[in-house]
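*Asks:* If you scroll down you'll find the structure; I have some questions about it.
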Amino acid sequence: MSFAEVHRENYRRQVQAYGIDADFVSEMVDGFYTKVRNDSELGPIFDQVIQDQWGPHLVKMKQFWRAIALKTGEYHGRPMPAHLKLKNVTKQHFDIWLRLFDENLEEVAPSPEAKAFFQDRARNIARSLMMGMFFDPEAELGAKS
């Protein structure tokens, strides 16, 4: 067995011990996006872009989170271009997104470790998306005179 295979197997055992499996990922995604759709600020933004394609979107998000949590390798999308379509999203919307994500985890996470596992990854993803969507080098470095 290669080092990578051993690492993947140890990782899978760890998340399994946290209670993370494909059924939990599905429940987590469904619960989270129900909250997003019902949110007065995020719901209309997502509905405008996703429209009547919520079914395929949820399938893709379940693949995404299984790939992250279970190392399934099944997600081959490109999150940044998809999120750049959300023209009405501001930095403040990420606070709402994370709050809803945390609320959902509080309701469905099978263990404190599972909750922390997903919170950590969600924050890293949010940070990465925010950098891609809102980074302005001129503002960060100061405008040249």
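Following the order of the structure tokens, chains are lettered A, B, ..., residues in each are numbered from 1, and ligands are numbered from 1.
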Using only C-alpha atoms, determine which residues lie at most 7 Å from segment 88-95 of chain A, disregarding the query and same-chain residues fewer than 4 positions distant; provide the list as a list of chain:residue names.
*Replies:*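 In the requested format, the answer is A:Ile45, A:Arg99, A:Ala126, A:Met130.
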*Asks:* Would you list the contacts of segment 132-138 of chain A as a PDB file with N, CA and C atoms, in the first residue's frame, taking every protein, DNA or RNA residue within 10 Å and counting only C-alpha atoms, but skipping same-chain residues closer than 5 positions in sequence?
*Replies:*
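File out_6.pdb, as written:
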ATOM      1  N   MET A  80     -14.952  28.505  -7.914  1.00  0.00           N
ATOM      2  CA  MET A  80     -14.765  29.946  -8.066  1.00  0.00           C
ATOM      3  C   MET A  80     -15.599  30.518  -9.214  1.00  0.00           C
ATOM      4  N   PRO A  81     -15.516  29.981 -10.434  1.00  0.00           N
ATOM      5  CA  PRO A  81     -16.355  30.544 -11.501  1.00  0.00           C
ATOM      6  C   PRO A  81     -17.850  30.495 -11.167  1.00  0.00           C
ATOM      7  N   HIS A  83     -19.213  30.752  -8.200  1.00  0.00           N
ATOM      8  CA  HIS A  83     -19.526  31.789  -7.211  1.00  0.00           C
ATOM      9  C   HIS A  83     -19.387  33.195  -7.783  1.00  0.00           C
ATOM     10  N   LEU A  84     -18.586  33.348  -8.816  1.00  0.00           N
ATOM     11  CA  LEU A  84     -18.464  34.667  -9.448  1.00  0.00           C
ATOM     12  C   LEU A  84     -19.758  35.069 -10.151  1.00  0.00           C
ATOM     13  N   LYS A  85     -20.639  34.096 -10.408  1.00  0.00           N
ATOM     14  CA  LYS A  85     -21.948  34.393 -11.002  1.00  0.00           C
ATOM     15  C   LYS A  85     -22.871  35.092 -10.000  1.00  0.00           C
ATOM     16  N   LEU A  86     -22.541  34.989  -8.737  1.00  0.00           N
ATOM     17  CA  LEU A  86     -23.376  35.588  -7.683  1.00  0.00           C
ATOM     18  C   LEU A  86     -23.009  37.064  -7.547  1.00  0.00           C
ATOM     19  N   LYS A  87     -23.445  37.857  -8.511  1.00  0.00           N
ATOM     20  CA  LYS A  87     -23.058  39.266  -8.609  1.00  0.00           C
ATOM     21  C   LYS A  87     -23.534  40.112  -7.428  1.00  0.00           C
ATOM     22  N   VAL A  89     -23.647  39.204  -4.272  1.00  0.00           N
ATOM     23  CA  VAL A  89     -23.063  38.770  -3.005  1.00  0.00           C
ATOM     24  C   VAL A  89     -22.034  39.787  -2.527  1.00  0.00           C
ATOM     25  N   THR A  90     -22.099  40.094  -1.244  1.00  0.00           N
ATOM     26  CA  THR A  90     -21.121  40.973  -0.603  1.00  0.00           C
ATOM     27  C   THR A  90     -20.343  40.175   0.443  1.00  0.00           C
ATOM     28  N   LYS A  91     -19.309  40.769   0.977  1.00  0.00           N
ATOM     29  CA  LYS A  91     -18.548  40.118   2.048  1.00  0.00           C
ATOM     30  C   LYS A  91     -19.453  39.779   3.228  1.00  0.00           C
ATOM     31  N   ALA A 126     -14.842  29.592   2.668  1.00  0.00           N
ATOM     32  CA  ALA A 126     -15.339  30.973   2.634  1.00  0.00           C
ATOM     33  C   ALA A 126     -14.180  31.951   2.438  1.00  0.00           C
ATOM     34  N   ARG A 127     -13.091  31.727   3.146  1.00  0.00           N
ATOM     35  CA  ARG A 127     -11.912  32.598   3.027  1.00  0.00           C
ATOM     36  C   ARG A 127     -11.390  32.591   1.594  1.00  0.00           C
ATOM     37  N   ALA A 143      -3.275  52.727  -3.247  1.00  0.00           N
ATOM     38  CA  ALA A 143      -3.239  53.214  -4.627  1.00  0.00           C
ATOM     39  C   ALA A 143      -1.911  53.909  -4.889  1.00  0.00           C
ATOM     40  N   LYS A 144      -1.376  53.685  -6.088  1.00  0.00           N
ATOM     41  CA  LYS A 144      -0.111  54.349  -6.463  1.00  0.00           C
ATOM     42  C   LYS A 144      -0.369  55.820  -6.706  1.00  0.00           C
TER      43      LYS A 144
END
*Asks:* Could you check which of A:Arg66, A:Arg13, A:Lys71, A:Arg37 is closest to Trp54 of chain A, using only C-alpha atoms?
*Replies:*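 Going through A:Arg66, A:Arg13, A:Lys71, A:Arg37 one by one, the smallest distance to Trp54 of chain A is for A:Arg37.
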*Asks:* Mind pulling up the distance from atom CA of Ala17 of chain A to atom CA of Leu129 of chain A?
*Replies:*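 Result for atom CA of Leu129 of chain A versus atom CA of Ala17 of chain A: 29.4 Å, one decimal.
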*Asks:* Report the distance between atom CA of Lys115 of chain A and atom CA of Ser26 of chain A in Å, rounded to one decimal place.
*Replies:* 14.6 Å
*Asks:* May I ask which of the residues A:Ile50, A:Gly19, A:Thr34, A:Asn10 is the closest one to Leu100 of chain A, counting only C-alpha atoms?
*Replies:*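 Nearest candidate to Leu100 of chain A out of A:Ile50, A:Gly19, A:Thr34, A:Asn10: A:Thr34.
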*Asks:* With a distance cut-off of 12 Å and only C-alpha atoms, select the neighbouring residues of Arg12 of chain A, excluding the residue or stretch itself and same-chain residues fewer than 2 positions from it, and output the selection as a list in words.
*Replies:*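 That gives Glu5, Val6, His7, Arg8, Glu9, Asn10, Gln14, Val15, Gln16, Ala17, Tyr18, Gly19, Ile20, Asp21, Ala22, Arg66, Ala67, Ile68, Ala69, Leu70, Lys71 and Thr72 of chain A.
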*Asks:* Using atom CA of Glu27 of chain A and atom CA of Val108 of chain A as the two end points, give the distance in Å to one decimal.
*Replies:*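 Rounded to one decimal, the two atoms are 7.5 Å apart.
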*Asks:* Measuring atom to atom with only C-alpha atoms, identify which of A:Val59, A:Val29, A:Gly77, A:Tyr11 is nearest to Leu105 of chain A.
*Replies:*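 Residue with the minimum atom-to-atom distance to Leu105 of chain A: A:Val29.
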*Asks:* If DSSP is run on the backbone, what residues of segment 35-135 of chain A are helix (DSSP H, G or I)? A reply as a ChimeraX atom specification would be ideal.
*Replies:* /A:35-38,42-50,54-70,79-84,91-108,112-134
*Asks:* Taking into account only C-alpha atoms, which residue in the set A:Phe101, A:Asp120, A:Glu74, A:Glu107 is nearest to Tyr33 of chain A?
*Replies:*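 Closest to Tyr33 of chain A, using only C-alpha atoms: A:Phe101.
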